[in-house]
Structure formats: structure tokens, C-alpha cells
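What follows is upload.tsv (TSV, C-alpha atoms and all ligand atoms).
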chain	number	residue	atom	x	y	z
U	1	MET	CA	76.99	-18.06	-7.89
U	2	THR	CA	78.07	-18.14	-4.23
U	3	ASP	CA	76.44	-20.48	-1.74
U	4	PRO	CA	73.44	-19.04	0.08
U	5	LEU	CA	73.97	-17.84	3.63
U	6	LEU	CA	71.08	-19.97	4.82
U	7	HIS	CA	69.84	-23.00	2.95
U	8	ILE	CA	66.76	-24.81	4.21
U	9	GLN	CA	65.89	-28.05	2.47
U	10	ARG	CA	62.66	-29.97	2.89
U	11	LEU	CA	62.23	-28.87	6.48
U	12	ARG	CA	59.47	-30.42	8.51
U	13	THR	CA	58.95	-29.28	12.10
U	14	SER	CA	56.32	-31.10	14.15
U	15	PHE	CA	54.98	-30.29	17.58
U	16	LYS	CA	53.69	-32.80	20.08
U	17	ILE	CA	50.04	-32.24	20.94
U	18	LYS	CA	48.73	-34.79	23.41
U	19	ASP	CA	50.38	-37.98	22.16
U	20	ASP	CA	50.92	-37.21	18.51
U	21	TYR	CA	53.22	-35.01	16.48
U	22	TYR	CA	51.74	-32.58	13.94
U	23	ALA	CA	53.82	-30.75	11.36
U	24	ALA	CA	53.55	-26.96	11.63
U	25	VAL	CA	56.23	-26.57	8.95
U	26	ASP	CA	56.06	-29.11	6.17
U	27	ASP	CA	58.34	-29.50	3.16
U	28	VAL	CA	59.76	-25.99	3.34
U	29	SER	CA	62.79	-25.20	1.21
U	30	LEU	CA	64.19	-21.69	1.24
U	31	GLU	CA	67.43	-19.87	0.58
U	32	VAL	CA	68.51	-16.56	2.05
U	33	ASN	CA	71.50	-14.77	0.62
U	34	LYS	CA	73.82	-12.20	2.07
U	35	ASN	CA	72.52	-8.68	1.52
U	36	GLU	CA	68.97	-9.82	0.92
U	37	ILE	CA	65.65	-9.37	2.72
U	38	VAL	CA	63.34	-12.34	2.34
U	39	ALA	CA	59.84	-11.67	3.65
U	40	ILE	CA	57.67	-14.52	4.89
U	41	VAL	CA	53.98	-13.74	4.76
U	42	GLY	CA	50.81	-15.60	5.53
U	43	GLU	CA	47.90	-15.45	7.92
U	44	SER	CA	48.01	-16.30	11.59
U	45	GLY	CA	48.87	-19.93	12.30
U	46	CYS	CA	50.46	-20.72	8.93
U	47	GLY	CA	53.81	-21.59	10.51
U	48	LYS	CA	55.91	-18.44	10.11
U	49	SER	CA	57.16	-18.34	13.69
U	50	ALA	CA	57.59	-22.12	13.79
U	51	LEU	CA	59.89	-21.78	10.78
U	52	ALA	CA	61.90	-19.03	12.52
U	53	ALA	CA	62.15	-21.09	15.70
U	54	SER	CA	63.40	-24.05	13.66
U	55	ILE	CA	66.29	-21.96	12.39
U	56	THR	CA	67.25	-20.58	15.78
U	57	GLY	CA	66.52	-23.77	17.70
U	58	LEU	CA	64.21	-21.82	19.99
U	59	HIS	CA	61.66	-24.47	20.70
U	60	ASN	CA	61.14	-27.09	23.31
U	61	LYS	CA	63.28	-29.95	22.04
U	62	GLU	CA	61.32	-32.50	24.08
U	63	ARG	CA	58.11	-31.71	22.23
U	64	THR	CA	59.46	-30.92	18.77
U	65	LYS	CA	60.67	-33.12	15.94
U	66	MET	CA	62.63	-31.74	13.03
U	67	ASP	CA	63.48	-33.40	9.72
U	68	GLY	CA	65.27	-31.96	6.73
U	69	ARG	CA	68.36	-29.82	6.50
U	70	ILE	CA	69.15	-26.30	7.60
U	71	SER	CA	72.60	-25.18	6.64
U	72	PHE	CA	74.00	-21.87	7.72
U	73	LYS	CA	77.28	-20.85	6.08
U	74	ASN	CA	77.48	-24.41	4.79
U	75	LYS	CA	77.21	-25.97	8.25
U	76	ASP	CA	74.26	-28.10	9.29
U	77	ILE	CA	72.49	-26.40	12.18
U	78	ALA	CA	69.32	-28.51	12.24
U	79	ASN	CA	71.18	-31.00	14.41
U	80	ALA	CA	73.34	-28.54	16.32
U	81	SER	CA	73.69	-29.02	20.07
U	82	ILE	CA	72.20	-26.50	22.50
U	83	ASN	CA	75.70	-25.12	23.13
U	84	GLN	CA	76.38	-24.65	19.44
U	85	LEU	CA	73.02	-22.93	18.99
U	86	ASN	CA	73.65	-20.66	21.96
U	87	GLN	CA	76.94	-19.71	20.39
U	88	LEU	CA	75.28	-18.90	17.05
U	89	ARG	CA	72.38	-16.95	18.54
U	90	GLY	CA	73.45	-13.49	19.46
U	91	SER	CA	76.63	-13.71	17.44
U	92	GLU	CA	76.13	-15.02	13.91
U	93	ILE	CA	72.34	-14.98	14.07
U	94	GLY	CA	70.51	-12.00	15.54
U	95	MET	CA	66.83	-12.01	16.45
U	96	ILE	CA	64.21	-9.29	16.74
U	97	PHE	CA	60.77	-10.18	18.06
U	98	GLN	CA	57.34	-8.62	18.01
U	99	ASP	CA	57.22	-7.63	21.65
U	100	PRO	CA	60.40	-5.95	22.85
U	101	LEU	CA	59.24	-6.12	26.47
U	102	THR	CA	59.35	-9.90	26.54
U	103	ALA	CA	62.76	-9.87	24.85
U	104	LEU	CA	64.28	-7.62	27.54
U	105	ASN	CA	65.01	-8.36	31.17
U	106	PRO	CA	62.87	-5.97	33.27
U	107	LEU	CA	65.33	-6.11	36.15
U	108	MET	CA	68.48	-5.15	34.27
U	109	ILE	CA	69.50	-1.73	33.03
U	110	ILE	CA	69.69	-1.37	29.26
U	111	GLY	CA	73.47	-1.00	29.17
U	112	GLU	CA	74.06	-4.26	31.02
U	113	GLN	CA	71.74	-6.15	28.70
U	114	ILE	CA	73.73	-5.07	25.65
U	115	GLU	CA	77.03	-5.65	27.41
U	116	GLU	CA	75.96	-9.15	28.34
U	117	THR	CA	75.68	-10.17	24.70
U	118	LEU	CA	79.08	-8.58	23.94
U	119	MET	CA	80.60	-10.40	26.89
U	120	LEU	CA	79.27	-13.76	25.72
U	121	HIS	CA	80.71	-13.49	22.25
U	122	GLN	CA	83.64	-11.06	22.22
U	123	LYS	CA	86.78	-10.48	24.22
U	124	MET	CA	86.70	-6.87	25.39
U	125	SER	CA	87.70	-4.96	28.48
U	126	ARG	CA	84.96	-3.41	30.63
U	127	GLN	CA	85.66	0.04	29.26
U	128	GLU	CA	85.63	-1.19	25.68
U	129	ARG	CA	82.30	-2.91	26.27
U	130	LYS	CA	80.73	0.20	27.71
U	131	LYS	CA	82.07	2.34	24.88
U	132	ARG	CA	80.75	-0.11	22.28
U	133	THR	CA	77.36	-0.28	24.04
U	134	VAL	CA	76.93	3.49	23.92
U	135	GLU	CA	77.98	3.43	20.26
U	136	LEU	CA	75.40	0.75	19.54
U	137	LEU	CA	72.67	2.77	21.26
U	138	LYS	CA	73.59	5.71	19.06
U	139	GLU	CA	73.70	3.53	15.93
U	140	VAL	CA	70.10	2.47	16.48
U	141	GLY	CA	69.04	6.08	16.86
U	142	ILE	CA	68.65	6.32	20.63
U	143	PRO	CA	69.11	9.91	21.79
U	144	ARG	CA	70.94	10.62	25.05
U	145	ALA	CA	72.58	7.20	24.82
U	146	GLU	CA	74.77	7.77	27.88
U	147	GLN	CA	71.69	8.32	30.06
U	148	ILE	CA	69.57	5.59	28.47
U	149	TYR	CA	72.40	3.17	29.28
U	150	TYR	CA	71.37	3.39	32.96
U	151	GLN	CA	67.61	3.09	32.45
U	152	TYR	CA	65.34	0.06	32.82
U	153	PRO	CA	63.12	-1.20	29.96
U	154	HIS	CA	59.91	0.10	31.57
U	155	GLN	CA	61.30	3.63	31.48
U	156	LEU	CA	61.43	3.58	27.66
U	157	SER	CA	58.70	3.82	25.02
U	158	GLY	CA	57.85	0.78	22.85
U	159	GLY	CA	59.79	2.18	19.91
U	160	MET	CA	62.88	2.85	22.06
U	161	ARG	CA	62.67	-0.65	23.54
U	162	GLN	CA	62.57	-2.14	20.05
U	163	ARG	CA	65.68	-0.12	19.18
U	164	VAL	CA	67.40	-1.64	22.21
U	165	VAL	CA	66.41	-5.13	21.04
U	166	ILE	CA	67.88	-4.29	17.64
U	167	ALA	CA	71.07	-3.03	19.30
U	168	ILE	CA	71.37	-6.38	21.10
U	169	ALA	CA	70.63	-8.25	17.86
U	170	ILE	CA	73.37	-6.45	15.93
U	171	ALA	CA	75.93	-6.12	18.74
U	172	ASN	CA	78.09	-8.91	17.35
U	173	ASN	CA	77.61	-8.09	13.66
U	174	PRO	CA	75.44	-11.09	12.78
U	175	SER	CA	75.33	-12.23	9.19
U	176	LEU	CA	71.72	-13.37	9.51
U	177	LEU	CA	68.91	-11.46	11.20
U	178	ILE	CA	65.51	-12.91	11.89
U	179	ALA	CA	62.85	-10.30	12.54
U	180	ASP	CA	59.50	-11.78	13.58
U	181	GLU	CA	56.76	-9.13	13.24
U	182	PRO	CA	59.20	-6.46	14.45
U	183	THR	CA	56.80	-3.54	14.06
U	184	THR	CA	53.41	-5.06	14.85
U	185	ALA	CA	53.34	-3.75	18.42
U	186	LEU	CA	54.41	-0.23	17.45
U	187	ASP	CA	52.46	2.76	16.21
U	188	VAL	CA	52.72	3.76	12.57
U	189	THR	CA	55.33	6.54	12.69
U	190	ILE	CA	57.63	4.44	14.88
U	191	GLN	CA	57.05	1.47	12.57
U	192	SER	CA	58.61	3.22	9.63
U	193	GLN	CA	61.63	4.31	11.67
U	194	ILE	CA	62.25	0.74	12.80
U	195	LEU	CA	61.87	-0.51	9.21
U	196	ASP	CA	64.37	2.11	8.04
U	197	LEU	CA	66.75	0.83	10.69
U	198	ILE	CA	66.37	-2.78	9.54
U	199	ARG	CA	66.97	-1.73	5.94
U	200	LYS	CA	70.11	0.09	7.07
U	201	LEU	CA	71.37	-3.16	8.61
U	202	LYS	CA	71.14	-4.79	5.23
U	203	ASP	CA	72.79	-1.91	3.43
U	204	GLU	CA	75.60	-1.37	5.92
U	205	MET	CA	76.23	-4.83	7.37
U	206	HIS	CA	75.20	-6.75	4.24
U	207	ALA	CA	73.28	-9.13	6.47
U	208	GLY	CA	70.75	-11.60	5.14
U	209	ILE	CA	67.39	-10.82	6.75
U	210	ILE	CA	64.28	-12.92	7.22
U	211	LEU	CA	61.37	-10.60	7.82
U	212	ILE	CA	58.24	-12.28	9.10
U	213	THR	CA	55.12	-10.19	8.72
U	214	HIS	CA	51.48	-10.33	7.80
U	215	ASP	CA	51.61	-6.75	6.53
U	216	LEU	CA	51.85	-6.60	2.73
U	217	GLY	CA	52.70	-2.88	2.87
U	218	VAL	CA	55.82	-3.75	4.87
U	219	VAL	CA	56.63	-6.51	2.36
U	220	ALA	CA	56.33	-4.16	-0.61
U	221	GLU	CA	58.53	-1.61	1.07
U	222	MET	CA	61.21	-3.88	2.43
U	223	ALA	CA	61.57	-7.24	0.71
U	224	ASP	CA	63.78	-8.39	-2.12
U	225	ARG	CA	61.99	-11.73	-2.30
U	226	VAL	CA	58.77	-12.98	-0.77
U	227	ALA	CA	57.73	-16.44	0.39
U	228	VAL	CA	53.99	-16.92	0.93
U	229	MET	CA	53.11	-19.59	3.48
U	230	TYR	CA	49.85	-21.46	3.86
U	231	ALA	CA	49.18	-24.30	6.29
U	232	GLY	CA	52.85	-24.97	6.98
U	233	GLN	CA	54.03	-24.85	3.39
U	234	ILE	CA	55.49	-22.26	1.07
U	235	VAL	CA	52.89	-21.98	-1.70
U	236	GLU	CA	54.63	-19.28	-3.72
U	237	ILE	CA	58.00	-17.59	-3.76
U	238	ALA	CA	59.15	-14.83	-6.06
U	239	PRO	CA	61.09	-11.58	-6.30
U	240	VAL	CA	58.96	-8.89	-4.68
U	241	ILE	CA	57.93	-6.97	-7.80
U	242	GLU	CA	57.09	-10.18	-9.64
U	243	LEU	CA	54.94	-11.38	-6.74
U	244	PHE	CA	52.90	-8.19	-6.61
U	245	ASP	CA	52.64	-7.85	-10.41
U	246	ASN	CA	52.07	-11.45	-11.30
U	247	PRO	CA	50.78	-13.46	-8.33
U	248	LYS	CA	49.86	-17.01	-9.27
U	249	HIS	CA	48.76	-19.12	-6.33
U	250	PRO	CA	45.08	-18.71	-5.38
U	251	TYR	CA	46.13	-17.96	-1.80
U	252	THR	CA	48.61	-15.24	-2.85
U	253	ARG	CA	45.99	-13.76	-5.16
U	254	SER	CA	43.44	-13.68	-2.38
U	255	LEU	CA	45.91	-12.11	0.04
U	256	LEU	CA	46.66	-9.38	-2.47
U	257	GLN	CA	42.99	-8.91	-3.37
U	258	SER	CA	42.07	-8.46	0.26
U	259	VAL	CA	44.19	-5.30	0.48
U	260	PRO	CA	41.86	-2.48	-0.58
U	261	SER	CA	43.35	-0.25	-3.26
U	262	ALA	CA	43.68	3.40	-2.29
U	263	PHE	CA	43.26	4.45	-5.91
U	264	ASP	CA	40.37	2.44	-7.23
U	265	LYS	CA	37.37	2.71	-4.99
U	266	GLN	CA	35.25	0.81	-7.53
U	267	GLU	CA	37.55	-2.16	-7.49
U	268	ARG	CA	35.78	-5.38	-6.71
U	269	LEU	CA	37.15	-7.31	-3.74
U	270	TYR	CA	37.24	-11.05	-4.13
U	271	VAL	CA	37.76	-12.32	-0.64
U	272	ILE	CA	38.25	-15.97	0.16
U	273	GLN	CA	36.46	-16.93	3.33
U	274	GLY	CA	37.85	-19.12	6.10
U	275	VAL	CA	41.01	-19.41	8.19
U	276	VAL	CA	44.00	-21.72	8.49
U	277	PRO	CA	42.67	-24.71	10.47
U	278	PRO	CA	44.27	-25.58	13.84
U	279	LEU	CA	47.37	-27.76	13.61
U	280	PRO	CA	45.78	-31.18	14.25
U	281	ASN	CA	43.10	-30.46	11.62
U	282	LEU	CA	45.35	-29.22	8.83
U	283	PRO	CA	44.62	-30.89	5.51
U	284	ARG	CA	47.75	-32.91	4.74
U	285	GLU	CA	46.84	-34.63	1.51
U	286	GLY	CA	46.74	-32.98	-1.86
U	287	CYS	CA	46.46	-29.22	-2.21
U	288	ARG	CA	46.05	-27.73	1.26
U	289	PHE	CA	44.19	-24.72	-0.08
U	290	LYS	CA	41.61	-26.85	-1.90
U	291	SER	CA	38.91	-26.66	0.77
U	292	ARG	CA	38.98	-22.84	0.65
U	293	ILE	CA	38.29	-22.71	-3.08
U	294	PRO	CA	35.59	-25.40	-3.47
U	295	TRP	CA	34.33	-23.91	-6.76
U	296	ILE	CA	37.56	-24.99	-8.45
U	297	PRO	CA	37.23	-28.52	-9.91
U	298	GLU	CA	39.01	-31.27	-8.01
U	299	GLU	CA	40.94	-32.47	-11.07
U	300	VAL	CA	42.94	-29.25	-11.50
U	301	HIS	CA	44.73	-29.86	-8.21
U	302	GLU	CA	47.81	-32.06	-8.10
U	303	LYS	CA	47.64	-35.17	-5.95
U	304	GLU	CA	51.04	-34.40	-4.49
U	305	PRO	CA	51.53	-30.68	-5.11
U	306	LYS	CA	55.04	-29.67	-6.11
U	307	MET	CA	56.68	-26.33	-6.65
U	308	HIS	CA	56.59	-25.31	-10.34
U	309	GLU	CA	58.91	-22.73	-11.81
U	310	VAL	CA	56.77	-20.18	-13.63
U	311	GLY	CA	59.40	-17.49	-14.17
U	312	PRO	CA	62.94	-16.61	-13.07
U	313	GLY	CA	63.04	-17.30	-9.33
U	314	HIS	CA	59.25	-17.57	-9.28
U	315	PHE	CA	57.83	-20.86	-7.98
U	316	VAL	CA	54.26	-21.84	-7.22
U	317	ARG	CA	52.85	-24.93	-5.52
U	318	CYS	CA	50.17	-27.10	-7.18
U	319	THR	CA	48.83	-26.80	-10.70
U	320	CYS	CA	45.49	-25.29	-9.55
U	321	TYR	CA	46.80	-21.78	-10.19
U	322	GLU	CA	46.40	-22.40	-13.94
U	323	ASP	CA	42.61	-22.73	-13.70
U	324	PHE	CA	41.96	-20.53	-10.71
U	325	HIS	CA	39.43	-17.70	-10.76
U	326	PHE	CA	37.61	-15.91	-7.97
U	327	ILE	CA	33.90	-16.47	-7.51
U	328	GLY	CA	32.08	-14.02	-9.75
U	329	GLU	CA	35.24	-13.16	-11.64
U	330	ASP	CA	35.28	-12.98	-15.47
U	331	GLY	CA	34.58	-15.93	-17.68
U	332	GLY	CA	30.85	-16.28	-17.03
U	333	MET	CA	31.57	-18.62	-14.13
U	334	ASN	CA	28.82	-17.36	-11.90
U	335	HIS	CA	28.91	-19.47	-8.76
U	336	GLY	CA	27.32	-16.83	-6.61
U	337	ALA	CA	29.48	-13.75	-6.22
U	338	SER	CA	30.77	-12.93	-2.77
O	401	LIG	N1	55.02	-25.24	20.66
O	401	LIG	C1	53.91	-25.53	20.00
O	401	LIG	N2	53.17	-26.63	20.31
O	401	LIG	C2	52.07	-26.95	19.62
O	401	LIG	N3	51.59	-26.25	18.58
O	401	LIG	C3	52.27	-25.16	18.21
O	401	LIG	C4	53.46	-24.73	18.90
O	401	LIG	N4	53.90	-23.60	18.30
O	401	LIG	C5	53.05	-23.32	17.30
O	401	LIG	N5	52.08	-24.26	17.24
O	401	LIG	C6	50.99	-24.32	16.25
O	401	LIG	O1	51.62	-24.39	14.98
O	401	LIG	C7	50.89	-23.62	14.02
O	401	LIG	C8	51.79	-22.58	13.43
O	401	LIG	O2	52.06	-21.61	14.45
O	401	LIG	P1	53.01	-20.33	14.22
O	401	LIG	O3	53.11	-19.61	15.51
O	401	LIG	O4	54.26	-20.75	13.55
O	401	LIG	O5	52.12	-19.48	13.19
O	401	LIG	P2	52.36	-18.01	12.66
O	401	LIG	O6	52.18	-18.07	11.18
O	401	LIG	O7	53.67	-17.49	13.15
O	401	LIG	O8	51.15	-17.25	13.32
O	401	LIG	P3	51.12	-15.79	14.00
O	401	LIG	O9	51.16	-14.82	12.84
O	401	LIG	O10	49.80	-15.79	14.70
O	401	LIG	O11	52.30	-15.69	14.90
O	401	LIG	C9	49.68	-23.06	14.76
O	401	LIG	O12	48.59	-23.95	14.55
O	401	LIG	C10	50.12	-23.08	16.21
O	401	LIG	O13	49.00	-23.19	17.07

Go through the file and emit its structure as C-alpha cells.
Ligand SMILES: Nc1ncnc2c1ncn2[C@@H]1O[C@H](COP(=O)(O)OP(=O)(O)OP(=O)(O)O)[C@@H](O)[C@H]1O
Amino acid sequence: MTDPLLHIQRLRTSFKIKDDYYAAVDDVSLEVNKNEIVAIVGESGCGKSALAASITGLHNKERTKMDGRISFKNKDIANASINQLNQLRGSEIGMIFQDPLTALNPLMIIGEQIEETLMLHQKMSRQERKKRTVELLKEVGIPRAEQIYYQYPHQLSGGMRQRVVIAIAIANNPSLLIADEPTTALDVTIQSQILDLIRKLKDEMHAGIILITHDLGVVAEMADRVAVMYAGQIVEIAPVIELFDNPKHPYTRSLLQSVPSAFDKQERLYVIQGVVPPLPNLPREGCRFKSRIPWIPEEVHEKEPKMHEVGPGHFVRCTCYEDFHFIGEDGGMNHGAS
């Protein structure tokens, strides 16, 4: 078995709020291999973007503390200097964000923005750079690439802008791509084109891809493996089919139950109420999901929840999954159906 491309071990990333630090990512371990799409799912505020920013070093170092290990191609990058991170970003690690407008410079033509990233990381003549830029625009499916080269971001549609961001992300053939909600701001038909493009990057460049999303449809369509995050922790991780067929953690089960089935209109929805609490109020002792499933007896939770292997590559946090049931679900446990 070859070493993973990215290996995160027991990562904890804390942000300073007033005078104290609070962990937004806590005890996260994750591997991403070459040629693999790992989706990270979870509701707003669970720490998905904080995890991505920990990998790329894109956070305010003055107000952030990081513990644990992040190794990329067997090199520790958790303690890399700003210069080393700048070198990695845009070359070995490409990034695609939710809002392409904020990722692009409004005052620069598209061509220059792509050329800039080539210039930073590759030795090329001016002509070679321009030629490569037009090629990249074509590769990401931009029609009339020669003309688009001279346009400004505001002259393009949202979908076209996201293609430009992807062109910048792949300009230097990165081995790792981090896509943070890359299709959330786009309408549905454009969404699927952008997803096709991301899948092509895996197939053709054999990149490892971290795909952050809250959309389970996107996960089902794209991911090889899925990590489910809740309150800063991974609570379940599994190959995609296994996760959808055999979800274990109460949070994963509730996420999947909250997606209405198109086929079974009679299906009962068991929805778990509540939201991830704000960072300073996150429960940090015991099972973090406990307060959202108060009908489950205290003693079935672990005091210090660990990841348990329940199948090949399938891990779940805390033992509460063994006794979990939804309110009103089978077993005569009628605690007042939702
Ligand atoms: N720089 C920061 N300083 C303080 N708190 C932060 C900072 N960045 C994120 N947080 C907090 O950390 C928690 C995790 O935020 P994060 O953005 O990673 O969540 P997310 O899962 O990506 O959510 P979303 O889907 O809404 O983007 C939230 O409570 C958020 O308010």
C-alpha cells in the first residue's frame, strides 16, 4: 500500500475569540489518496472550511492555533512557513471556492490572472504562458477562449467564472485539489457541468480531491469516500456506497433521513431538531451529539468517544450508534413521535 497523498493526524485547529481559543476542528484524522475524491459533509458550522483552511494554511496565524500533524507527500505542512505554503498553494495544492467572484481579481483580465499563477510556479516565456493559458481555458470548457482571455470577471457568468477559478487551480497540475462548496452558488445545470469537470480532473490528472459540500446528492454522485463531520469532529467515515447503504452514527442517519426520497412518498421522516452550537458553546466532553438525541440513555455513550471500525474502511465515533433509534421508530419506544 503506498503512502497517502495527504495524511492528517489528530488535527486540532482553534480560533481565538475574545481572549480564549476554541477548537473548530478537534481530533480529526483523515487520509486522502491519489486518484480519490473524499467528500466532507456536515451542516453549517461543523468545521468543514476550518479543516480546509488548516491544510492550506489560509487562516490568520495570529488568531489560530494548530496541533497535530498534516503531512502532504510525506512532508509536514502543519508547521510550514508562509513562504513554503505560498509555494505549495497554486502549484501542488489547488483550491476552488464557493464564490468565484471573491477568488478572482475584479481589476485584472482573465488571461493575466491565469498567467500570474503560471509565472509564480513555472519557467515559461511570455508566448508559452499565453498559449498555455488559452489551452487551460479550453480545457475547462470555456468557448471562445482567445476572446475570454481579454475579459474581466464581471463580464462572465457565474459558471464561466467558476471555470476560470478551476483553470487557475489546475494550471500547475496540482496533486491535491480542495474544492469548498464549488457549486453552491451556481444554478443546477451549471452545477452538473462543474462537477463533471472536477471528476475529469481526478480521472485525467489522478489528483486527490477533497470535496466539501452539504449536498448529499453531490456526495453520492462524486465521492469515493465520505467523512461526516459534527461539531468539529469526524463522526463517521466510509466508502460512499457503504455510507449510504449502512449509515451508523445517529448524525449520519439523521442527515440521510432528512433527504426526502423521490420514490417513497409514504416514507416517514425522522428529523433530529437543533443546530450545531456556536464555537464557544460546543459540547466538548463525551459524545458531542448527545444533547441532540436526549431520548437515548446516557450510559450508551462513551465517556471519551473513539472511532470504532465497523467494516472495511468504515469507522464510527462513540458506541451510541449500537443503541440508537429515532423517536417513534420501531421497537415500541414511543417517546412522542416527531
Ligand atoms: N476565523 C475564525 N474565528 C473564529 N471563529 C471561526 C473562524 N472561522 C470559523 N469559525 C467558527 O468555527 C466554526 C466552524 O466554522 P466553519 O466555517 O469551518 O464551518 P463550515 O462547516 O465550513 O460551515 P459552512 O458550511 O457554513 O461554511 C463555526 O462556529 C465558525 O463560526

### Query
For ligand LIG 401 (chain O), which residue among U:Ile77, U:Val41, U:Val28, U:Leu5 is the nearest when counting all atoms listed in the file?
U:Val41

### Task
Let me have all residues with an atom within 10 Å of ligand LIG 401 (chain O), counting all atoms listed in the file, laid out as JSON, numbers by chain.
{"U": [13, 14, 15, 16, 17, 18, 21, 22, 23, 24, 25, 40, 41, 42, 43, 44, 45, 46, 47, 48, 49, 50, 51, 52, 53, 54, 58, 59, 60, 61, 63, 64, 98, 180, 181, 212, 213, 214, 229, 230, 231, 232, 276, 277, 278, 279, 280, 281, 282]}

### Query
Of the residues U:Arg69, U:Arg292, U:Lys200, U:His314, which is the one nearest to Phe244 of chain U, using only C-alpha atoms?
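Result for the nearest residue to Phe244 of chain U: U:His314.
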
### Task
Go through U:Val310, U:Leu186, U:Met95, U:Met66 and flag the residue nearest Ala167 of chain U, using all atoms listed in the file for the distances.
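Counting all atoms listed in the file, the residue closest to Ala167 of chain U is U:Met95.
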
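Among the candidate residues U:Val188, U:Ile93, U:Cys287, U:Val32, the one lying nearest to Pro250 of chain U is U:Cys287, with distances computed using all atoms listed in the file.
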
### Query
Hey, can you pull every residue with an atom no more than 12 Å from (60.1, 2.5, 12.9), using only C-alpha atoms, and send it as a VMD selection string?
chain U and resid 140 to 141 158 to 163 166 182 to 200 218

#### Entry: atom CA of Asn83 of chain U to atom CA of Ala169 of chain U, distance in Å rounded to a single decimal
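Atom-to-atom, atom CA of Asn83 of chain U to atom CA of Ala169 of chain U, that is 18.4 Å.
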
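The space between atom CA of Leu120 of chain U and atom CA of His154 of chain U spans 24.5 Å.
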
With a distance cut-off of 9 Å and all atoms listed in the file, select the neighbouring residues of Thr319 of chain U, excluding the residue or stretch itself and same-chain residues fewer than 3 positions from it, and output the selection as a PDB file with C-alpha atoms, in the coordinates of the input.
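Output file around.pdb is given in full below:
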ATOM      1  CA  HIS U 249      48.760 -19.120  -6.330  1.00  0.00           C
ATOM      2  CA  VAL U 300      42.940 -29.250 -11.500  1.00  0.00           C
ATOM      3  CA  HIS U 301      44.730 -29.860  -8.210  1.00  0.00           C
ATOM      4  CA  GLU U 302      47.810 -32.060  -8.100  1.00  0.00           C
ATOM      5  CA  PRO U 305      51.530 -30.680  -5.110  1.00  0.00           C
ATOM      6  CA  LYS U 306      55.040 -29.670  -6.110  1.00  0.00           C
ATOM      7  CA  MET U 307      56.680 -26.330  -6.650  1.00  0.00           C
ATOM      8  CA  HIS U 308      56.590 -25.310 -10.340  1.00  0.00           C
ATOM      9  CA  VAL U 316      54.260 -21.840  -7.220  1.00  0.00           C
ATOM     10  CA  GLU U 322      46.400 -22.400 -13.940  1.00  0.00           C
ATOM     11  CA  ASP U 323      42.610 -22.730 -13.700  1.00  0.00           C
TER      12      ASP U 323
END

#### Entry: Polymer residues at most 9 Å from Ala238 of chain U, all atoms listed in the file, same-chain spacing of 5 or more positions, as a list in words
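Result of the neighbour search: Asp224, Arg225, Val226, Ala227, Val228, Leu243, Pro247, Gly311, Pro312, Gly313, His314, Phe315 and Val316 of chain U.
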
Mind checking which residues fall within 10 Å of Pro297 of chain U, counting all atoms listed in the file, ignoring those fewer than 6 positions away in the same chain, and posting them as a PDB file with C-alpha atoms, in the coordinates of the input?
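Final file, part08.pdb:
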ATOM      1  CA  LYS U 290      41.610 -26.850  -1.900  1.00  0.00           C
ATOM      2  CA  CYS U 320      45.490 -25.290  -9.550  1.00  0.00           C
ATOM      3  CA  ASP U 323      42.610 -22.730 -13.700  1.00  0.00           C
ATOM      4  CA  PHE U 324      41.960 -20.530 -10.710  1.00  0.00           C
TER       5      PHE U 324
END

### Task
Calculate how many Å separate atom CA of Ile114 of chain U from atom CA of Lys130 of chain U, rounding to one decimal.
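Atom-to-atom, atom CA of Ile114 of chain U to atom CA of Lys130 of chain U, that is 9.0 Å.
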
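Comparing U:His7, U:Arg132, U:Arg317, U:Lys34 by their smallest distance to Ala171 of chain U, the closest is U:Arg132 (using all atoms listed in the file).
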
Any chance you could build segment 142-155 of chain U out to N, CA and C atoms and write it as a PDB file, in the frame of the given file?
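See result.pdb below for the written result:
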ATOM      1  N   ILE U 142      69.134   5.967  19.297  1.00  0.00           N
ATOM      2  CA  ILE U 142      68.650   6.320  20.630  1.00  0.00           C
ATOM      3  C   ILE U 142      69.315   7.616  21.084  1.00  0.00           C
ATOM      4  N   PRO U 143      68.505   8.654  21.340  1.00  0.00           N
ATOM      5  CA  PRO U 143      69.110   9.910  21.790  1.00  0.00           C
ATOM      6  C   PRO U 143      69.548   9.784  23.250  1.00  0.00           C
ATOM      7  N   ARG U 144      70.423  10.614  23.667  1.00  0.00           N
ATOM      8  CA  ARG U 144      70.940  10.620  25.050  1.00  0.00           C
ATOM      9  C   ARG U 144      71.392   9.219  25.465  1.00  0.00           C
ATOM     10  N   ALA U 145      72.196   8.601  24.600  1.00  0.00           N
ATOM     11  CA  ALA U 145      72.580   7.200  24.820  1.00  0.00           C
ATOM     12  C   ALA U 145      73.241   6.977  26.183  1.00  0.00           C
ATOM     13  N   GLU U 146      74.060   7.951  26.606  1.00  0.00           N
ATOM     14  CA  GLU U 146      74.770   7.770  27.880  1.00  0.00           C
ATOM     15  C   GLU U 146      73.801   7.654  29.057  1.00  0.00           C
ATOM     16  N   GLN U 147      72.678   8.416  28.981  1.00  0.00           N
ATOM     17  CA  GLN U 147      71.690   8.320  30.060  1.00  0.00           C
ATOM     18  C   GLN U 147      70.834   7.061  29.933  1.00  0.00           C
ATOM     19  N   ILE U 148      70.435   6.764  28.694  1.00  0.00           N
ATOM     20  CA  ILE U 148      69.570   5.590  28.470  1.00  0.00           C
ATOM     21  C   ILE U 148      70.280   4.308  28.933  1.00  0.00           C
ATOM     22  N   TYR U 149      71.587   4.296  28.825  1.00  0.00           N
ATOM     23  CA  TYR U 149      72.400   3.170  29.280  1.00  0.00           C
ATOM     24  C   TYR U 149      71.973   2.732  30.695  1.00  0.00           C
ATOM     25  N   TYR U 150      71.663   3.703  31.555  1.00  0.00           N
ATOM     26  CA  TYR U 150      71.370   3.390  32.960  1.00  0.00           C
ATOM     27  C   TYR U 150      69.869   3.179  33.237  1.00  0.00           C
ATOM     28  N   GLN U 151      69.051   3.217  32.196  1.00  0.00           N
ATOM     29  CA  GLN U 151      67.610   3.090  32.450  1.00  0.00           C
ATOM     30  C   GLN U 151      67.143   1.633  32.332  1.00  0.00           C
ATOM     31  N   TYR U 152      65.956   1.389  32.903  1.00  0.00           N
ATOM     32  CA  TYR U 152      65.340   0.060  32.820  1.00  0.00           C
ATOM     33  C   TYR U 152      64.333   0.051  31.664  1.00  0.00           C
ATOM     34  N   PRO U 153      64.029  -1.148  31.107  1.00  0.00           N
ATOM     35  CA  PRO U 153      63.120  -1.200  29.960  1.00  0.00           C
ATOM     36  C   PRO U 153      61.813  -0.435  30.167  1.00  0.00           C
ATOM     37  N   HIS U 154      61.226  -0.526  31.381  1.00  0.00           N
ATOM     38  CA  HIS U 154      59.910   0.100  31.570  1.00  0.00           C
ATOM     39  C   HIS U 154      59.976   1.625  31.483  1.00  0.00           C
ATOM     40  N   GLN U 155      61.172   2.165  31.553  1.00  0.00           N
ATOM     41  CA  GLN U 155      61.300   3.630  31.480  1.00  0.00           C
ATOM     42  C   GLN U 155      61.324   4.135  30.029  1.00  0.00           C
TER      43      GLN U 155
END
